[in-house]
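Visitor: Sharing start_10.tsv below, TSV, C-alpha atoms:
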chain	number	residue	atom	x	y	z
A	1292	MET	CA	90.15	-12.32	105.72
A	1293	ALA	CA	92.89	-9.95	104.58
A	1294	PHE	CA	91.73	-10.29	100.96
A	1295	ARG	CA	88.10	-9.64	101.92
A	1296	SER	CA	89.10	-6.56	103.93
A	1297	HIS	CA	91.19	-5.27	101.06
A	1298	TYR	CA	88.35	-5.93	98.62
A	1299	PHE	CA	85.90	-4.09	100.88
A	1300	ASN	CA	88.20	-1.07	101.11
A	1301	LEU	CA	88.57	-0.98	97.32
A	1302	CYS	CA	84.79	-1.08	96.93
A	1303	CYS	CA	84.46	1.84	99.33
A	1304	PHE	CA	87.16	3.72	97.45
A	1305	PHE	CA	85.46	3.39	94.10
A	1306	ALA	CA	82.07	4.10	95.62
A	1307	MET	CA	83.47	7.41	96.91
A	1308	ILE	CA	84.70	8.29	93.44
A	1309	ILE	CA	81.33	7.47	91.89
A	1310	LEU	CA	79.44	9.50	94.48
A	1311	PHE	CA	81.75	12.49	94.91
A	1312	GLY	CA	84.08	12.50	91.91
A	1313	SER	CA	87.21	12.36	94.08
A	1314	CYS	CA	88.42	11.19	97.45
A	1315	SER	CA	88.98	14.36	99.47
A	1316	ALA	CA	90.88	14.39	102.70
A	1317	GLN	CA	88.70	14.99	105.73
A	1318	LEU	CA	89.34	17.34	108.63
A	1319	SER	CA	91.18	15.88	111.61
A	1320	SER	CA	92.46	17.30	114.88
A	1321	TYR	CA	95.72	15.41	114.21
A	1322	TYR	CA	96.15	16.73	110.67
A	1323	TYR	CA	99.53	18.39	111.31
A	1324	ALA	CA	100.84	15.87	113.84
A	1325	LYS	CA	103.56	14.65	111.48
A	1326	THR	CA	103.84	17.41	108.87
A	1327	CYS	CA	104.05	20.36	111.30
A	1328	PRO	CA	104.00	19.10	114.91
A	1329	LYS	CA	104.63	22.57	116.41
A	1330	ALA	CA	101.85	24.28	114.44
A	1331	LEU	CA	99.35	24.58	117.29
A	1332	TYR	CA	102.05	25.73	119.71
A	1333	ILE	CA	103.23	28.40	117.28
A	1334	ILE	CA	99.69	29.74	116.79
A	1335	LYS	CA	98.83	29.68	120.50
A	1336	THR	CA	102.04	31.43	121.51
A	1337	ALA	CA	101.46	34.16	118.95
A	1338	VAL	CA	97.85	34.67	120.04
A	1339	LEU	CA	98.85	34.88	123.69
A	1340	GLY	CA	101.44	37.52	122.83
A	1341	ALA	CA	99.05	39.54	120.67
A	1342	VAL	CA	96.28	39.54	123.29
A	1343	ALA	CA	98.75	40.42	126.05
A	1344	LYS	CA	99.85	43.39	123.96
A	1345	GLU	CA	96.27	44.47	123.21
A	1346	SER	CA	93.34	42.70	124.87
A	1347	ARG	CA	90.95	43.76	122.11
A	1348	MET	CA	92.93	41.66	119.62
A	1349	GLY	CA	91.30	38.49	120.95
A	1350	ALA	CA	87.88	39.73	119.83
A	1351	SER	CA	89.33	40.89	116.52
A	1352	LEU	CA	90.80	37.47	115.72
A	1353	LEU	CA	87.54	35.77	116.67
A	1354	ARG	CA	85.64	38.13	114.38
A	1355	LEU	CA	87.99	37.39	111.48
A	1356	HIS	CA	87.05	33.72	111.68
A	1357	PHE	CA	83.34	34.58	111.77
A	1358	HIS	CA	83.55	36.85	108.75
A	1359	ASP	CA	85.61	34.29	106.88
A	1360	CYS	CA	83.27	31.35	107.47
A	1361	PHE	CA	80.01	33.20	106.77
A	1362	VAL	CA	81.15	34.17	103.28
A	1363	ASN	CA	81.58	31.07	101.08
A	1364	GLY	CA	82.91	28.99	103.96
A	1365	CYS	CA	86.04	28.82	106.12
A	1366	ASP	CA	88.58	29.26	103.33
A	1367	ALA	CA	90.59	32.37	104.36
A	1368	SER	CA	89.04	34.36	101.51
A	1369	VAL	CA	88.61	37.26	103.94
A	1370	LEU	CA	92.41	37.65	104.11
A	1371	LEU	CA	92.96	38.31	100.40
A	1372	ASP	CA	93.97	41.87	99.51
A	1373	ASP	CA	92.47	43.75	96.58
A	1374	ASP	CA	94.70	43.67	93.51
A	1375	ASP	CA	94.24	46.47	90.99
A	1376	ALA	CA	96.68	44.87	88.55
A	1377	SER	CA	94.46	41.82	88.12
A	1378	ASN	CA	91.21	43.74	88.69
A	1379	PHE	CA	90.51	41.64	91.78
A	1380	THR	CA	88.31	43.00	94.58
A	1381	GLY	CA	88.29	40.93	97.74
A	1382	GLU	CA	86.12	40.97	100.83
A	1383	LYS	CA	88.08	43.42	102.96
A	1384	SER	CA	86.50	46.44	101.29
A	1385	ALA	CA	82.92	45.14	101.60
A	1386	ALA	CA	80.67	47.26	103.81
A	1387	PRO	CA	80.65	44.94	106.87
A	1388	ASN	CA	84.46	44.65	106.78
A	1389	ALA	CA	85.86	48.00	105.61
A	1390	ASN	CA	87.51	50.01	108.39
A	1391	SER	CA	86.25	47.35	110.76
A	1392	LEU	CA	88.06	44.02	110.47
A	1393	ARG	CA	91.48	43.97	112.08
A	1394	GLY	CA	94.16	41.53	113.18
A	1395	PHE	CA	95.54	40.86	109.72
A	1396	GLU	CA	99.09	41.63	110.85
A	1397	VAL	CA	98.82	39.04	113.61
A	1398	ILE	CA	97.78	36.42	111.06
A	1399	ASP	CA	100.67	37.50	108.81
A	1400	SER	CA	103.10	37.04	111.68
A	1401	ILE	CA	101.75	33.60	112.53
A	1402	LYS	CA	101.92	32.53	108.90
A	1403	SER	CA	105.53	33.73	108.65
A	1404	LYS	CA	106.52	31.66	111.68
A	1405	LEU	CA	104.74	28.59	110.32
A	1406	GLU	CA	106.35	28.95	106.90
A	1407	ALA	CA	109.73	29.06	108.61
A	1408	ALA	CA	108.95	25.91	110.60
A	1409	CYS	CA	107.19	23.89	107.88
A	1410	PRO	CA	106.90	25.62	104.49
A	1411	GLY	CA	103.72	25.19	102.50
A	1412	VAL	CA	101.96	23.02	105.06
A	1413	VAL	CA	99.59	24.99	107.32
A	1414	SER	CA	96.72	26.81	105.63
A	1415	CYS	CA	95.62	30.33	106.42
A	1416	ALA	CA	92.09	29.01	106.95
A	1417	ASP	CA	93.33	26.71	109.71
A	1418	ILE	CA	95.28	29.56	111.27
A	1419	LEU	CA	92.07	31.59	111.53
A	1420	ALA	CA	90.17	28.69	113.09
A	1421	VAL	CA	92.83	27.94	115.70
A	1422	ALA	CA	93.52	31.61	116.47
A	1423	ALA	CA	89.80	32.15	117.15
A	1424	ARG	CA	89.71	29.22	119.57
A	1425	ASP	CA	92.90	30.32	121.33
A	1426	SER	CA	91.65	33.91	121.58
A	1427	VAL	CA	88.46	32.84	123.36
A	1428	ALA	CA	90.39	30.58	125.74
A	1429	THR	CA	92.95	33.31	126.45
A	1430	LEU	CA	90.16	35.72	127.39
A	1431	GLY	CA	88.76	33.25	129.92
A	1432	GLY	CA	86.20	31.51	127.74
A	1433	PRO	CA	85.77	27.88	126.74
A	1434	THR	CA	88.03	25.85	124.53
A	1435	TRP	CA	87.24	23.17	121.95
A	1436	THR	CA	88.96	20.78	119.58
A	1437	VAL	CA	89.60	22.38	116.20
A	1438	GLU	CA	89.41	20.00	113.27
A	1439	LEU	CA	92.22	20.77	110.83
A	1440	GLY	CA	92.99	20.27	107.18
A	1441	ARG	CA	91.18	23.21	105.57
A	1442	ARG	CA	92.69	24.60	102.40
A	1443	ASP	CA	92.72	28.18	101.20
A	1444	SER	CA	90.56	29.63	98.46
A	1445	THR	CA	92.01	31.15	95.32
A	1446	THR	CA	89.28	33.77	95.13
A	1447	ALA	CA	86.92	35.85	97.28
A	1448	SER	CA	83.45	37.37	96.98
A	1449	PHE	CA	82.93	41.07	97.55
A	1450	SER	CA	79.22	40.71	96.76
A	1451	ASN	CA	78.62	37.82	99.15
A	1452	ALA	CA	80.48	39.65	101.91
A	1453	ASN	CA	77.93	42.43	101.50
A	1454	THR	CA	74.93	40.11	101.71
A	1455	ASP	CA	75.82	37.09	103.88
A	1456	LEU	CA	76.97	38.76	107.09
A	1457	ALA	CA	74.68	39.89	109.89
A	1458	SER	CA	74.23	43.62	110.34
A	1459	PRO	CA	74.18	45.42	113.72
A	1460	LEU	CA	70.94	47.03	112.57
A	1461	MET	CA	69.03	43.78	112.01
A	1462	ASN	CA	65.86	42.73	113.80
A	1463	LEU	CA	65.37	39.23	115.22
A	1464	ASP	CA	63.70	37.72	112.17
A	1465	GLU	CA	66.49	39.02	109.94
A	1466	LEU	CA	69.14	37.56	112.23
A	1467	ILE	CA	67.39	34.20	112.30
A	1468	SER	CA	67.30	34.22	108.51
A	1469	VAL	CA	71.01	35.02	108.12
A	1470	PHE	CA	72.06	32.25	110.50
A	1471	SER	CA	69.51	29.77	109.16
A	1472	LYS	CA	70.95	30.14	105.65
A	1473	LYS	CA	74.25	28.87	107.05
A	1474	GLY	CA	72.56	25.92	108.74
A	1475	PHE	CA	72.39	27.24	112.30
A	1476	THR	CA	69.46	26.78	114.64
A	1477	GLU	CA	68.03	29.73	116.54
A	1478	LYS	CA	69.68	28.44	119.71
A	1479	GLU	CA	73.06	28.29	117.97
A	1480	MET	CA	72.52	31.82	116.68
A	1481	VAL	CA	72.04	33.10	120.23
A	1482	ALA	CA	75.09	31.18	121.44
A	1483	LEU	CA	77.31	32.56	118.67
A	1484	SER	CA	76.00	36.07	119.32
A	1485	GLY	CA	77.57	35.67	122.74
A	1486	SER	CA	80.90	36.42	121.08
A	1487	HIS	CA	79.89	40.05	121.69
A	1488	THR	CA	80.84	39.51	125.30
A	1489	THR	CA	84.24	40.87	124.24
A	1490	GLY	CA	85.38	43.52	121.78
A	1491	LYS	CA	84.27	47.02	120.83
A	1492	ALA	CA	82.01	48.74	118.30
A	1493	ARG	CA	82.07	52.13	116.61
A	1494	CYS	CA	79.69	54.91	117.61
A	1495	LEU	CA	78.17	55.14	114.12
A	1496	LEU	CA	76.83	51.59	114.52
A	1497	PHE	CA	74.88	52.24	117.73
A	1498	ARG	CA	74.23	56.00	117.74
A	1499	ASN	CA	70.59	55.60	116.76
A	1500	ARG	CA	70.06	53.02	119.47
A	1501	ILE	CA	71.38	55.10	122.36
A	1502	TYR	CA	69.55	58.28	121.29
A	1503	ASN	CA	66.30	57.08	119.75
A	1504	GLU	CA	65.37	53.58	120.88
A	1505	THR	CA	63.16	53.01	123.91
A	1506	ASN	CA	64.11	49.44	124.88
A	1507	ILE	CA	67.33	50.61	126.48
A	1508	ASP	CA	68.25	51.34	130.09
A	1509	SER	CA	68.32	55.13	130.38
A	1510	GLU	CA	71.39	55.30	132.61
A	1511	PHE	CA	73.26	52.94	130.31
A	1512	ALA	CA	72.33	55.06	127.30
A	1513	LYS	CA	73.56	58.23	128.99
A	1514	SER	CA	76.88	56.63	129.92
A	1515	ILE	CA	77.49	55.59	126.32
A	1516	GLN	CA	76.41	58.98	124.96
A	1517	SER	CA	79.35	60.58	126.76
A	1518	ASN	CA	81.66	58.92	124.23
A	1519	CYS	CA	79.26	58.90	121.27
A	1520	PRO	CA	77.84	62.36	120.53
A	1521	SER	CA	74.64	62.79	118.53
A	1522	SER	CA	76.78	63.99	115.63
A	1523	GLY	CA	80.45	63.40	114.89
A	1524	GLY	CA	82.74	60.94	116.62
A	1525	GLY	CA	81.53	58.08	114.47
A	1526	ASP	CA	84.72	56.11	115.01
A	1527	ASN	CA	84.70	56.44	118.80
A	1528	LEU	CA	84.71	53.01	120.41
A	1529	SER	CA	82.60	51.55	123.20
A	1530	PRO	CA	82.72	48.02	124.63
A	1531	LEU	CA	80.09	45.60	123.36
A	1532	ASP	CA	79.82	44.25	126.90
A	1533	ASP	CA	79.78	47.08	129.41
A	1534	GLY	CA	79.73	44.63	132.32
A	1535	SER	CA	83.08	42.97	131.59
A	1536	PRO	CA	84.56	44.55	128.45
A	1537	VAL	CA	87.41	42.10	127.92
A	1538	ILE	CA	86.65	38.79	129.66
A	1539	PHE	CA	84.79	36.14	127.69
A	1540	ASP	CA	81.86	35.31	129.99
A	1541	ASN	CA	78.06	35.44	130.04
A	1542	SER	CA	77.86	39.11	131.06
A	1543	TYR	CA	76.65	39.96	127.55
A	1544	PHE	CA	73.42	38.05	128.19
A	1545	LYS	CA	72.97	39.65	131.59
A	1546	ASN	CA	73.19	43.00	129.83
A	1547	LEU	CA	70.47	42.04	127.37
A	1548	VAL	CA	68.11	40.98	130.15
A	1549	ASN	CA	68.62	44.45	131.64
A	1550	ASN	CA	68.15	46.27	128.31
A	1551	LYS	CA	71.83	47.15	128.10
A	1552	GLY	CA	72.62	45.69	124.70
A	1553	LEU	CA	74.87	48.09	122.80
A	1554	LEU	CA	73.79	47.20	119.26
A	1555	HIS	CA	70.24	47.08	117.98
A	1556	SER	CA	70.87	43.51	116.82
A	1557	ASP	CA	72.08	42.56	120.30
A	1558	GLN	CA	68.97	43.77	122.11
A	1559	ALA	CA	66.82	42.21	119.37
A	1560	LEU	CA	67.65	38.84	120.94
A	1561	PHE	CA	65.84	39.88	124.13
A	1562	ASN	CA	62.93	42.12	123.26
A	1563	GLY	CA	59.75	40.18	123.94
A	1564	GLY	CA	60.47	37.68	121.18
A	1565	SER	CA	61.08	33.97	120.75
A	1566	MET	CA	64.71	34.08	121.95
A	1567	ASP	CA	64.05	35.73	125.32
A	1568	SER	CA	64.07	32.43	127.22
A	1569	GLN	CA	67.36	31.30	125.62
A	1570	VAL	CA	69.03	34.60	126.48
A	1571	ALA	CA	67.75	34.31	130.05
A	1572	THR	CA	69.13	30.75	130.29
A	1573	TYR	CA	72.60	31.87	129.21
A	1574	SER	CA	72.45	34.87	131.57
A	1575	GLU	CA	71.97	32.48	134.48
A	1576	ASN	CA	74.10	29.52	133.37
A	1577	PRO	CA	77.58	30.39	132.06
A	1578	ILE	CA	78.57	26.73	131.68
A	1579	THR	CA	75.57	26.06	129.46
A	1580	PHE	CA	76.57	29.04	127.33
A	1581	TYR	CA	80.18	27.85	127.13
A	1582	VAL	CA	79.20	24.37	126.00
A	1583	ASP	CA	76.73	25.62	123.39
A	1584	PHE	CA	79.13	28.27	122.13
A	1585	ALA	CA	81.98	25.79	121.73
A	1586	ASN	CA	79.76	23.32	119.86
A	1587	ALA	CA	78.46	26.06	117.57
A	1588	MET	CA	82.02	27.22	116.85
A	1589	VAL	CA	83.00	23.70	115.79
A	1590	LYS	CA	79.99	23.64	113.48
A	1591	MET	CA	80.84	27.07	112.07
A	1592	GLY	CA	84.44	26.01	111.48
A	1593	ASN	CA	83.20	23.23	109.21
A	1594	LEU	CA	81.21	25.48	106.89
A	1595	SER	CA	81.99	24.71	103.21
A	1596	VAL	CA	85.64	23.89	103.84
A	1597	LEU	CA	88.04	23.09	101.02
A	1598	THR	CA	89.93	19.82	101.45
A	1599	GLY	CA	91.92	17.31	99.42
A	1600	THR	CA	93.08	18.93	96.19
A	1601	ASP	CA	90.59	21.81	96.28
A	1602	GLY	CA	92.05	25.25	96.81
A	1603	GLU	CA	95.68	25.66	97.85
A	1604	ILE	CA	97.98	26.31	100.80
A	1605	ARG	CA	98.91	29.97	100.44
A	1606	THR	CA	102.44	30.97	101.31
A	1607	ASN	CA	101.22	34.52	101.88
A	1608	CYS	CA	97.72	34.78	103.37
A	1609	ARG	CA	97.10	38.08	101.56
A	1610	LYS	CA	97.43	36.73	98.02
A	1611	VAL	CA	97.05	33.54	96.04
A	1612	ASN	CA	100.19	31.61	95.14
Would you give me this structure, written as structure tokens?

Guide:
Amino acid sequence: MAFRSHYFNLCCFFAMIILFGSCSAQLSSYYYAKTCPKALYIIKTAVLGAVAKESRMGASLLRLHFHDCFVNGCDASVLLDDDDASNFTGEKSAAPNANSLRGFEVIDSIKSKLEAACPGVVSCADILAVAARDSVATLGGPTWTVELGRRDSTTASFSNANTDLASPLMNLDELISVFSKKGFTEKEMVALSGSHTTGKARCLLFRNRIYNETNIDSEFAKSIQSNCPSSGGGDNLSPLDDGSPVIFDNSYFKNLVNNKGLLHSDQALFNGGSMDSQVATYSENPITFYVDFANAMVKMGNLSVLTGTDGEIRTNCRKVN
């Protein structure tokens, strides 16, 4: 029996090589159990401290994970700095990210602590995935099991960062297309959009909506206009969820039902279209939203990950080794 089992395993091994060219390690929630047992504790403690210092940081860390995964997969490419010496342009300066993404210093700090505890073990891509989960949980939202073992890319794509990310100006069909290209259903798109229940946006991204669009509550529009003039003040911030600006809950969907979505792309989810019923469901059932959001985040965290010998484990998240 032992021989037969061993023979079977060898057959599987060679079959994997024939099919895939190599035997890559798979993601596992226990990936660092032996190599860096305090990894999750170190990340969680740092996230708790960062969010306690600035509540908005939770949304910023969550957004980093989104913008990483939607551009060539969850490989920490979004963290790479431009390098004039090597003529390398990363994703940070792409239109959806420039003067917008934040939280890089928090990731740097986490990476430094992990390198001190277990050098060269924990990837920056895994840090982003865990920090996103811990941020949501810290803000009162759901939690989920993060599969670990991602490796870091050795390059980035400025062009893909400009084309693969959703825009706050998109209509429903455009949003569906962007998410569908990454393998998400329309329901999962709505669930993931619920991340806008926390965080802030700049005036320049919603000015046209609050002054010119008609599918917006008039009193809500006026209240936002006080901090977003018709000209100037483009960097002034307003909460994406006026009902509960910080807490991760289903208030975002309640806002949409009442025509109080801040961004054009937010209100596009509830505007007489095919997603109205899903938005209404989440507005009435927070647990349903939590479950669907958590499941969609697990799926997003598995997008085109690098494992095995692909990529590397960066010692500095901002540059390749």

Visitor: For range 1476-1480 of chain A, please output as a ChimeraX atom specification all residues within 7 Å (counting all atoms listed in the file; exclusion window: fewer than 4 positions along the same chain).

Guide: /A:1467,1470-1471,1484,1569,1587

Visitor: Can you spit out the residues from that selection as a compact mmCIF listing (two decimals), keeping the file's coordinate frame, using C-alpha atoms?

Guide:
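As written to disk, out-v3.txt reads:
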# COMPACT_ATOMS: atom_id res chain seq x y z
CA ILE A 1467 67.39 34.20 112.30
CA PHE A 1470 72.06 32.25 110.50
CA SER A 1471 69.51 29.77 109.16
CA SER A 1484 76.00 36.07 119.32
CA GLN A 1569 67.36 31.30 125.62
CA ALA A 1587 78.46 26.06 117.57

Visitor: May I ask for the distance between CA of Lys1590 in chain A and CA of Asp1540 in chain A, given in Å to one decimal place?

Guide: 20.3 Å

Visitor: Might you pull out every residue within 7 Å of Lys1545 in chain A, with only C-alpha atoms counted and same-chain residues fewer than 4 positions away left off, and present them as a PyMOL selection string?

Guide: chain A and resi 1541+1549+1574

Visitor: Using all atoms listed in the file, which of the listed residues (A:Ser1522, A:Arg1442, A:Thr1436, A:Leu1547) sits closest to Met1566 in chain A?

Guide: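 Smallest separation from Met1566 in chain A among the options: A:Leu1547.
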
Visitor: Nearest residue to Glu1382 in chain A out of A:Gly1523, A:Asn1453, A:Ser1458, A:Glu1603, using only C-alpha atoms?

Guide: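 Looking at the shortest contact to Glu1382 in chain A, the residue is A:Asn1453.
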
Visitor: A:Asp1359, A:Asp1455, A:Glu1345, A:Glu1406: which is nearest Ala1423 in chain A, counting all atoms listed in the file?

Guide: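 Of A:Asp1359, A:Asp1455, A:Glu1345, A:Glu1406, the one nearest Ala1423 in chain A is A:Asp1359, counting all atoms listed in the file.
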
Visitor: Looking at A:Glu1575, A:Ala1337, A:Val1421, A:Pro1410, which one is nearest to Glu1396 in chain A, with distances taken over only C-alpha atoms?

Guide: A:Ala1337

Visitor: Show me the residues close to (92.5, 33.6, 97.1) - anything with an atom within 7 Å, counting all atoms listed in the file - and format the list as a PyMOL selection string.

Guide: chain A and resi 1368+1371+1443-1447+1610-1611

Visitor: Between CA of Asn1527 in chain A and CA of Cys1494 in chain A, what distance in Å does the model show, to one decimal?

Guide: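 For CA of Asn1527 in chain A relative to CA of Cys1494 in chain A, the distance reads 5.4 Å.
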
Visitor: Between A:Ser1595, A:Ser1450, A:Ser1514, A:Thr1326, single out the one closest to Leu1553 in chain A, counting all atoms listed in the file.

Guide: A:Ser1514

Visitor: Restricting the calculation to all atoms listed in the file: of A:Cys1327, A:Ala1492, A:Ile1334, A:Ala1389, which residue gets closest to Asp1532 in chain A?

Guide: A:Ala1492

Visitor: Between CA of Ser1568 in chain A and CA of Gly1485 in chain A, measure the distance and give it in Å to one decimal.

Guide: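 We find that CA of Ser1568 in chain A and CA of Gly1485 in chain A lie 14.6 Å from each other.
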
Visitor: Got a sec: who's within 12 Å of Ala1385 in chain A, counting only C-alpha atoms, leaving out chain neighbours fewer than 4 positions off, as a ChimeraX atom specification?

Guide: /A:1358,1362,1369,1372-1373,1380-1381,1389-1392,1447-1456

Visitor: Determine, counting only C-alpha atoms, which protein, DNA and RNA residues have an atom within 12 Å of an atom of Ala1512 in chain A; residues of the same chain fewer than 2 positions away are not included. Present the result as JSON, numbers by chain.

Guide: {"A": [1497, 1498, 1499, 1500, 1501, 1502, 1503, 1504, 1505, 1506, 1507, 1508, 1509, 1510, 1514, 1515, 1516, 1517, 1518, 1519, 1520, 1521, 1529, 1533, 1550, 1551, 1552, 1553, 1554]}

Visitor: Skip Met1348 in chain A itself and residues of its chain fewer than 3 positions away, then list as a ChimeraX atom specification all residues within 9 Å of it, counting all atoms listed in the file.

Guide: /A:1338,1341-1345,1351-1353,1393-1394,1397,1426,1490
